[in-house]
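Here is the structure we will look at, set down as structure tokens.
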Amino acid sequence: MNKKHPGGEPSPSTSPTRPAPSPDHGDATATPASAADPKRWWALAVIALAQLMVILDGTIVNIALPSAQRALGMPDADRQWVITAYTLAFGGLLLLGGRIADLVGRKRAFVIGLAGFAVASALGGAAAGPGTLFAARALQGAFAAVLAPSALSLLTTTFTDPRERAKAFGVYGALAGGGSGAGLLVGGLLTEYLNWRWCLYVNVPVALAALIGAQVFLRDRSGRPGGHLDVPGVLLGSGGLVALVYGFSEAGPRGWTSPWVAAPLMAGVLLLAAFVWWQHRAAGPLLPLRIFRDRSRAGAFATMGLATIGMFGVFLFLTYYFQAVLGYPPVRTGLAFMPVSVGIVIGATQIAARLLPRTAPHTLMASGMVLAAAGMVLLSRLTVHAQYVPHVLPGLLLVGLGMGLTFMPVYATATVGVPTQDTGAASAALTTVQQIGASLGTVLLNTIATGATGRHSRAHGPADSGTALAEAMVHGFSVAYWCSAGVLLLAALVAALTVRRGKPSQAGSKPSA
């Protein structure tokens with residue numbers, strides 16, 4: 001009989017793209033049942049540690065940025081490159097990193113990514129000038145682009161049992177969603193009690209610990225000896241992604257009509273269109289388009305993109321709200337974000353991981369997005385006189401729980417059933433969608449909030465007092481939160497309509513209704 005796997009994906013026994021393996025062993029070339037590997041949970045700890053490091057580094061530098069700017073004499077016009085250099089390299093090279101993992105082997109790519117990330121972090125921590133710091137952040141992003149997809153693909157091939165897979169992806173989803181909030185807290189603690197350089201140095205011992213663990217606990221077959229790299233695909237795909245991420249990052253300070261924004265965005269769209277055309281014809285494509293032919297997997301990718309667009313309103317606007325409106329210091333700001341991370345951990349590991357083996361993935365995703373949208377609506381009601389526990393905390397908890405319920409089944413659905421030779425590419429594609437969604441969400445929501453703030457100030461006369469400025473700012477945040485809620489509800493609709501119905505352990509043998 002046909003056996004089905006989490007996420008509504010056809011089992012390997014029914015897949016037309018590879019030989020039919022034993023129905024109990026998932027992929028034909030995957031390791032046998034994960035229960036045969038007594039080190040699999042230690043392997044999860046190593047993978048989780050590396051993933052946490054990458055996620056933390058996306059936000060840990062944010063709070064340290066003012067201190068770094070003063071220490072290095074960085075001009076205001078250049079300070080954004082501390083963030084942009086990382087996001088450009090990370091987002092632009094993810095597809096290449098995923099294919100490298102498939103060609104040289106996931107464990108080897110994982111080790112290369114870890115070692116390079118540690119060296120780049122040490123270089124950035126010792127930076128004597130802005131240029132060195134920018135270069136180090138770009139190197140961090142480049143090695144993270146190799147590390148992140150190899151980590152996710154290792155997780156995919158290590159855990160093949162549906163129940164264990166749900167637990168493993170629960171942990172991974174919790175880290176992916178909650179790590180950003182934890183990064184703000186860690187960044188605040190290191191900046192306030194040590195100095196900004198430790199926001200980079202802290203990666204070195206973490207990476208070394210993960211490197212030792214990788215050698216002891218991770219197992220993986222070697223790469224593909226006969227494989228080759230799709231060079232035109234690398235140039236088109238990476239070039240298009242870099243252009244898009246750059247255009248989004250420049251839209252905030254320059255405005256959407258600036259040629260420095262419009263030209264990169266147009267170039268990015270054209271390059272990615274050419275990339276898709278080429279992938280249809282390439283013998284060994286960088287991103288095999290067969291990955292997206294399954295409706296459930298495509299729906300999971302779309303849900304992830306929309307979720308990250310909506311989610312980043314929380315971190316962007318609440319950082320300003322806590323510090324500029326409520327007057328919180330860095331450490332207190334980081335602590336104020338922790339309920340989001342706690343909610344994500346609970347939603348992913350204690351709720352979604354327990355329900356996924358017997359609940360339809362689309363039910364969890366749609367429910368999570370509705371919960372997160374409700375949290376955004378609560379946050380839209382904040383005022384300049386709001387108090388944290390009665391007014392801010394409920395919204396943060398709902399957003400966290402909703403994201404945890406969503407991320408875990410999205411990761412499981414998007415990666416299950418992918419041919420072993422394509423797991424790196426599929427993992428990279430999912431991380432790319434998440435990265436592009438974060439960049440786009442940050443820019444779009446910031447543009448909406450800024451416009452609403454300006455309209456409020458003009459409608460209520462000149463803002464001569466601090467209170468009037470704060471009220472205009474909070475009004476702009478409120479409008480952006482309503483937009484975030486709308487995007488998250490759209491994500492719920494997409495998940496409900498595209499991800500196959502039925503229990504994940506049985507979905508996929510026939511088209512859904």
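Starting from 1 in every chain, residues are counted up; chains themselves are A, B, ... following the order of the structure tokens, and ligands are numbered from 1 as listed.
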Fill in: All residues 9 Å or closer to Leu488 (chain A), only C-alpha atoms, same chain fewer than 5 positions away omitted, as a list in words
Thr303, Leu306, Ala307, Thr308, Ile309, Gly310, Met311, Met369, Val370, Ala372, Ala373, Cys483 and Leu493 of chain A
Got a sec: who's within 12 Å of Ser121 (chain A), counting only C-alpha atoms, leaving out chain neighbours fewer than 2 positions off, as a tab-separated table (two decimals) with all heavy atoms, in the first residue's frame?
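Saved to result.tsv:
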```tsv
chain	number	residue	atom	x	y	z
A	53	MET	N	23.10	30.13	16.01
A	53	MET	CA	24.16	31.11	15.79
A	53	MET	C	23.85	31.97	14.57
A	53	MET	O	24.01	33.20	14.60
A	53	MET	CB	25.50	30.40	15.61
A	53	MET	CG	26.69	31.31	15.43
A	53	MET	SD	28.23	30.40	15.23
A	53	MET	CE	27.95	29.63	13.64
A	54	VAL	N	23.40	31.35	13.48
A	54	VAL	CA	23.10	32.09	12.26
A	54	VAL	C	21.92	33.04	12.49
A	54	VAL	O	21.95	34.20	12.07
A	54	VAL	CB	22.79	31.12	11.11
A	54	VAL	CG1	22.28	31.87	9.88
A	54	VAL	CG2	24.05	30.34	10.74
A	57	ASP	N	22.74	36.04	14.72
A	57	ASP	CA	23.60	37.04	14.12
A	57	ASP	C	22.84	38.01	13.22
A	57	ASP	O	23.36	39.06	12.88
A	57	ASP	CB	24.71	36.37	13.30
A	57	ASP	CG	26.04	37.06	13.48
A	57	ASP	OD1	26.60	36.99	14.58
A	57	ASP	OD2	26.49	37.70	12.52
A	61	VAL	N	23.57	42.24	16.27
A	61	VAL	CA	24.36	43.44	16.01
A	61	VAL	C	23.50	44.71	16.05
A	61	VAL	O	24.02	45.81	16.22
A	61	VAL	CB	25.09	43.31	14.66
A	61	VAL	CG1	25.88	44.56	14.32
A	61	VAL	CG2	26.03	42.11	14.67
A	86	TYR	N	25.65	41.86	5.48
A	86	TYR	CA	25.31	40.49	5.89
A	86	TYR	C	24.12	39.96	5.09
A	86	TYR	O	24.16	38.85	4.56
A	86	TYR	CB	25.00	40.48	7.39
A	86	TYR	CG	24.66	39.12	7.94
A	86	TYR	CD1	25.66	38.25	8.37
A	86	TYR	CD2	23.34	38.69	8.05
A	86	TYR	CE1	25.36	36.99	8.88
A	86	TYR	CE2	23.03	37.44	8.56
A	86	TYR	CZ	24.04	36.60	8.98
A	86	TYR	OH	23.73	35.35	9.47
A	114	LEU	N	30.67	26.49	9.19
A	114	LEU	CA	30.98	26.80	10.59
A	114	LEU	C	32.36	27.44	10.73
A	114	LEU	O	32.52	28.46	11.41
A	114	LEU	CB	30.92	25.53	11.44
A	114	LEU	CG	29.56	25.07	11.95
A	114	LEU	CD1	29.70	23.71	12.62
A	114	LEU	CD2	28.98	26.09	12.92
A	115	ALA	N	33.36	26.82	10.12
A	115	ALA	CA	34.73	27.33	10.24
A	115	ALA	C	34.84	28.73	9.65
A	115	ALA	O	35.45	29.64	10.26
A	115	ALA	CB	35.71	26.37	9.55
A	116	GLY	N	34.27	28.94	8.47
A	116	GLY	CA	34.33	30.26	7.86
A	116	GLY	C	33.59	31.31	8.66
A	116	GLY	O	34.05	32.46	8.78
A	117	PHE	N	32.44	30.93	9.23
A	117	PHE	CA	31.67	31.88	10.04
A	117	PHE	C	32.46	32.30	11.28
A	117	PHE	O	32.45	33.47	11.67
A	117	PHE	CB	30.35	31.23	10.45
A	117	PHE	CG	29.29	32.21	10.86
A	117	PHE	CD1	28.40	32.73	9.93
A	117	PHE	CD2	29.18	32.62	12.18
A	117	PHE	CE1	27.43	33.63	10.31
A	117	PHE	CE2	28.20	33.51	12.57
A	117	PHE	CZ	27.33	34.03	11.63
A	118	ALA	N	33.17	31.35	11.89
A	118	ALA	CA	33.97	31.68	13.08
A	118	ALA	C	35.10	32.65	12.72
A	118	ALA	O	35.35	33.63	13.45
A	118	ALA	CB	34.54	30.40	13.68
A	119	VAL	N	35.80	32.39	11.62
A	119	VAL	CA	36.91	33.27	11.21
A	119	VAL	C	36.38	34.67	10.88
A	119	VAL	O	36.97	35.68	11.29
A	119	VAL	CB	37.64	32.67	10.00
A	119	VAL	CG1	38.64	33.66	9.43
A	119	VAL	CG2	38.34	31.38	10.40
A	123	LEU	N	37.28	38.26	12.74
A	123	LEU	CA	37.75	39.40	11.96
A	123	LEU	C	36.90	40.64	12.24
A	123	LEU	O	37.43	41.74	12.43
A	123	LEU	CB	37.71	39.06	10.47
A	123	LEU	CG	38.12	40.15	9.50
A	123	LEU	CD1	39.59	40.51	9.68
A	123	LEU	CD2	37.86	39.72	8.05
A	124	GLY	N	35.59	40.45	12.30
A	124	GLY	CA	34.71	41.59	12.58
A	124	GLY	C	34.89	42.12	13.99
A	124	GLY	O	34.88	43.33	14.21
A	125	GLY	N	35.06	41.23	14.97
A	125	GLY	CA	35.26	41.68	16.34
A	125	GLY	C	36.54	42.48	16.52
A	125	GLY	O	36.61	43.38	17.35
A	126	ALA	N	37.57	42.16	15.72
A	126	ALA	CA	38.85	42.87	15.83
A	126	ALA	C	38.95	44.04	14.87
A	126	ALA	O	40.02	44.65	14.75
A	126	ALA	CB	39.99	41.88	15.56
A	127	ALA	N	37.88	44.40	14.18
A	127	ALA	CA	37.92	45.45	13.16
A	127	ALA	C	38.42	46.77	13.73
A	127	ALA	O	37.97	47.22	14.79
A	127	ALA	CB	36.53	45.64	12.55
A	132	THR	N	36.74	47.16	7.37
A	132	THR	CA	37.00	45.79	7.84
A	132	THR	C	35.73	45.16	8.41
A	132	THR	O	35.44	43.98	8.18
A	132	THR	CB	38.10	45.79	8.91
A	132	THR	OG1	39.27	46.41	8.39
A	132	THR	CG2	38.43	44.38	9.35
A	133	LEU	N	34.96	45.95	9.14
A	133	LEU	CA	33.71	45.43	9.71
A	133	LEU	C	32.72	45.06	8.62
A	133	LEU	O	32.07	44.01	8.67
A	133	LEU	CB	33.11	46.46	10.66
A	133	LEU	CG	31.80	46.06	11.36
A	133	LEU	CD1	31.99	44.77	12.17
A	133	LEU	CD2	31.29	47.18	12.26
A	134	PHE	N	32.59	45.91	7.60
A	134	PHE	CA	31.67	45.61	6.49
A	134	PHE	C	32.09	44.32	5.78
A	134	PHE	O	31.25	43.48	5.46
A	134	PHE	CB	31.64	46.77	5.48
A	134	PHE	CG	31.18	48.08	6.05
A	134	PHE	CD1	31.56	49.28	5.45
A	134	PHE	CD2	30.39	48.13	7.18
A	134	PHE	CE1	31.13	50.49	5.96
A	134	PHE	CE2	29.96	49.35	7.70
A	134	PHE	CZ	30.35	50.53	7.09
A	135	ALA	N	33.41	44.18	5.53
A	135	ALA	CA	33.90	42.99	4.84
A	135	ALA	C	33.66	41.73	5.68
A	135	ALA	O	33.27	40.68	5.15
A	135	ALA	CB	35.39	43.14	4.54
A	136	ALA	N	33.87	41.85	6.98
A	136	ALA	CA	33.65	40.71	7.87
A	136	ALA	C	32.18	40.31	7.89
A	136	ALA	O	31.85	39.11	7.89
A	136	ALA	CB	34.13	41.04	9.28
A	137	ARG	N	31.30	41.28	7.91
A	137	ARG	CA	29.87	40.96	7.90
A	137	ARG	C	29.47	40.30	6.58
A	137	ARG	O	28.64	39.39	6.56
A	137	ARG	CB	29.06	42.24	8.13
A	137	ARG	CG	29.18	42.80	9.53
A	137	ARG	CD	28.42	41.96	10.52
A	137	ARG	NE	26.97	42.15	10.37
A	137	ARG	CZ	26.06	41.35	10.92
A	137	ARG	NH1	26.44	40.30	11.62
A	137	ARG	NH2	24.77	41.60	10.75
A	138	ALA	N	30.05	40.74	5.47
A	138	ALA	CA	29.76	40.09	4.19
A	138	ALA	C	30.26	38.65	4.20
A	138	ALA	O	29.59	37.74	3.69
A	138	ALA	CB	30.39	40.88	3.05
A	139	LEU	N	31.44	38.41	4.77
A	139	LEU	CA	31.97	37.06	4.86
A	139	LEU	C	31.08	36.19	5.76
A	139	LEU	O	30.84	35.01	5.46
A	139	LEU	CB	33.40	37.08	5.42
A	139	LEU	CG	34.52	37.37	4.41
A	139	LEU	CD1	35.85	37.46	5.15
A	139	LEU	CD2	34.58	36.28	3.35
A	140	GLN	N	30.60	36.76	6.85
A	140	GLN	CA	29.67	36.02	7.70
A	140	GLN	C	28.44	35.58	6.90
A	140	GLN	O	28.00	34.43	6.98
A	140	GLN	CB	29.21	36.89	8.87
A	140	GLN	CG	30.17	36.96	10.04
A	140	GLN	CD	29.55	37.73	11.19
A	140	GLN	OE1	29.03	38.84	11.03
A	140	GLN	NE2	29.60	37.15	12.37
A	141	GLY	N	27.89	36.50	6.13
A	141	GLY	CA	26.72	36.18	5.34
A	141	GLY	C	27.00	35.10	4.31
A	141	GLY	O	26.18	34.20	4.08
A	142	ALA	N	28.19	35.15	3.68
A	142	ALA	CA	28.54	34.17	2.66
A	142	ALA	C	28.66	32.77	3.26
A	142	ALA	O	28.15	31.78	2.71
A	142	ALA	CB	29.85	34.56	1.98
A	143	PHE	N	29.33	32.66	4.41
A	143	PHE	CA	29.47	31.34	5.03
A	143	PHE	C	28.16	30.88	5.66
A	143	PHE	O	27.89	29.67	5.72
A	143	PHE	CB	30.59	31.37	6.06
A	143	PHE	CG	31.97	31.32	5.46
A	143	PHE	CD1	32.79	32.44	5.45
A	143	PHE	CD2	32.44	30.15	4.87
A	143	PHE	CE1	34.04	32.40	4.88
A	143	PHE	CE2	33.69	30.10	4.28
A	143	PHE	CZ	34.50	31.22	4.28
A	144	ALA	N	27.34	31.82	6.13
A	144	ALA	CA	26.01	31.44	6.62
A	144	ALA	C	25.16	30.87	5.50
A	144	ALA	O	24.32	30.00	5.73
A	144	ALA	CB	25.32	32.66	7.25
A	197	ARG	N	32.05	44.58	20.50
A	197	ARG	CA	32.85	43.59	19.79
A	197	ARG	C	32.46	42.16	20.17
A	197	ARG	O	32.60	41.22	19.37
A	197	ARG	CB	34.34	43.82	20.04
A	197	ARG	CG	34.84	45.16	19.49
A	197	ARG	CD	36.33	45.35	19.72
A	197	ARG	NE	36.76	46.66	19.27
A	197	ARG	CZ	37.10	46.96	18.02
A	197	ARG	NH1	37.06	46.03	17.09
A	197	ARG	NH2	37.49	48.17	17.70
A	198	TRP	N	31.98	41.98	21.40
A	198	TRP	CA	31.62	40.64	21.84
A	198	TRP	C	30.36	40.13	21.14
A	198	TRP	O	30.08	38.92	21.17
A	198	TRP	CB	31.45	40.61	23.35
A	198	TRP	CG	32.79	40.49	24.02
A	198	TRP	CD1	33.54	41.49	24.55
A	198	TRP	CD2	33.53	39.29	24.18
A	198	TRP	NE1	34.73	40.99	25.03
A	198	TRP	CE2	34.74	39.63	24.82
A	198	TRP	CE3	33.31	37.96	23.84
A	198	TRP	CZ2	35.71	38.69	25.13
A	198	TRP	CZ3	34.28	37.01	24.16
A	198	TRP	CH2	35.46	37.39	24.80
A	199	CYS	N	29.60	41.00	20.50
A	199	CYS	CA	28.46	40.54	19.69
A	199	CYS	C	28.94	39.74	18.49
A	199	CYS	O	28.17	38.97	17.90
A	199	CYS	CB	27.63	41.73	19.22
A	199	CYS	SG	26.76	42.57	20.56
A	200	LEU	N	30.21	39.91	18.11
A	200	LEU	CA	30.82	39.13	17.05
A	200	LEU	C	31.71	38.02	17.61
A	200	LEU	O	31.68	36.88	17.13
A	200	LEU	CB	31.62	40.04	16.12
A	200	LEU	CG	30.79	41.07	15.36
A	200	LEU	CD1	31.66	42.19	14.83
A	200	LEU	CD2	30.06	40.39	14.21
A	201	TYR	N	32.50	38.35	18.63
A	201	TYR	CA	33.39	37.35	19.22
A	201	TYR	C	32.63	36.14	19.78
A	201	TYR	O	33.15	35.02	19.79
A	201	TYR	CB	34.22	37.96	20.35
A	201	TYR	CG	35.37	38.83	19.90
A	201	TYR	CD1	35.70	39.98	20.61
A	201	TYR	CD2	36.15	38.50	18.80
A	201	TYR	CE1	36.75	40.80	20.23
A	201	TYR	CE2	37.20	39.31	18.40
A	201	TYR	CZ	37.51	40.45	19.12
A	201	TYR	OH	38.56	41.24	18.73
A	202	VAL	N	31.41	36.35	20.24
A	202	VAL	CA	30.66	35.26	20.88
A	202	VAL	C	30.42	34.10	19.92
A	202	VAL	O	30.25	32.95	20.34
A	202	VAL	CB	29.31	35.81	21.42
A	202	VAL	CG1	28.36	36.14	20.27
A	202	VAL	CG2	28.67	34.81	22.37
A	203	ASN	N	30.46	34.37	18.62
A	203	ASN	CA	30.26	33.30	17.65
A	203	ASN	C	31.41	32.30	17.61
A	203	ASN	O	31.22	31.15	17.21
A	203	ASN	CB	30.07	33.89	16.24
A	203	ASN	CG	28.79	34.67	16.11
A	203	ASN	OD1	27.77	34.30	16.63
A	203	ASN	ND2	28.87	35.79	15.40
A	204	VAL	N	32.60	32.74	17.99
A	204	VAL	CA	33.78	31.88	17.86
A	204	VAL	C	33.68	30.64	18.75
A	204	VAL	O	33.80	29.50	18.25
A	204	VAL	CB	35.07	32.67	18.14
A	204	VAL	CG1	36.29	31.75	18.07
A	204	VAL	CG2	35.21	33.82	17.13
A	205	PRO	N	33.46	30.77	20.08
A	205	PRO	CA	33.34	29.54	20.88
A	205	PRO	C	32.12	28.70	20.52
A	205	PRO	O	32.18	27.47	20.59
A	205	PRO	CB	33.23	30.08	22.32
A	205	PRO	CG	32.81	31.49	22.19
A	205	PRO	CD	33.40	31.98	20.92
A	206	VAL	N	31.03	29.34	20.11
A	206	VAL	CA	29.85	28.58	19.70
A	206	VAL	C	30.15	27.75	18.46
A	206	VAL	O	29.81	26.56	18.38
A	206	VAL	CB	28.66	29.54	19.43
A	206	VAL	CG1	27.47	28.77	18.87
A	206	VAL	CG2	28.26	30.26	20.71
A	207	ALA	N	30.81	28.36	17.47
A	207	ALA	CA	31.16	27.64	16.25
A	207	ALA	C	32.15	26.51	16.53
A	207	ALA	O	32.04	25.41	15.96
A	207	ALA	CB	31.74	28.61	15.22
A	208	LEU	N	33.12	26.73	17.41
A	208	LEU	CA	34.07	25.68	17.75
A	208	LEU	C	33.38	24.50	18.41
A	208	LEU	O	33.69	23.33	18.10
A	208	LEU	CB	35.17	26.25	18.66
A	208	LEU	CG	36.15	27.23	18.01
A	208	LEU	CD1	37.14	27.77	19.05
A	208	LEU	CD2	36.91	26.56	16.86
```
Worksheet item: What does the distance between CA of Met403 (chain A) and CA of Ala386 (chain A) come to in Å, to one decimal place?
Response: 24.2 Å
Item to complete: Find the residues around Phe110 (chain A) up to 12 Å (only C-alpha atoms counted), leave out those fewer than 6 positions away in its own chain, and share them as a PyMOL selection string.
Response: chain A and resi 46-47+49-51+97-98+100-102+104+116-117+143-155+207+210-215+218-220+424
Could I get the residues of region 388-480 of chain A with an atom no further than 12 Å from an atom of region 262-284 of chain A, each paired with its nearest atom pair and that distance in Å to one decimal, using only C-alpha atoms, sorted by chain and residue number, as JSON lines?
```
{"residue": "A:Gln421", "atom": "CA", "partner": "A:Gly284", "partner_atom": "CA", "distance": 11.0}
{"residue": "A:Asp422", "atom": "CA", "partner": "A:Gly284", "partner_atom": "CA", "distance": 10.8}
{"residue": "A:Ala425", "atom": "CA", "partner": "A:Gly284", "partner_atom": "CA", "distance": 11.8}
{"residue": "A:Ile436", "atom": "CA", "partner": "A:Gly268", "partner_atom": "CA", "distance": 12.0}
{"residue": "A:Leu440", "atom": "CA", "partner": "A:Leu265", "partner_atom": "CA", "distance": 11.3}
```
Worksheet entry | Residue among A:Thr420, A:Thr447, A:Gln80, A:Ser180 lying closest to Tyr246 (chain A), counting only C-alpha atoms | A:Gln80
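Nearest residue to Lys167 (chain A), choosing from A:Leu497, A:Leu44, A:Val389, A:Met304 and counting only C-alpha atoms: A:Leu44.
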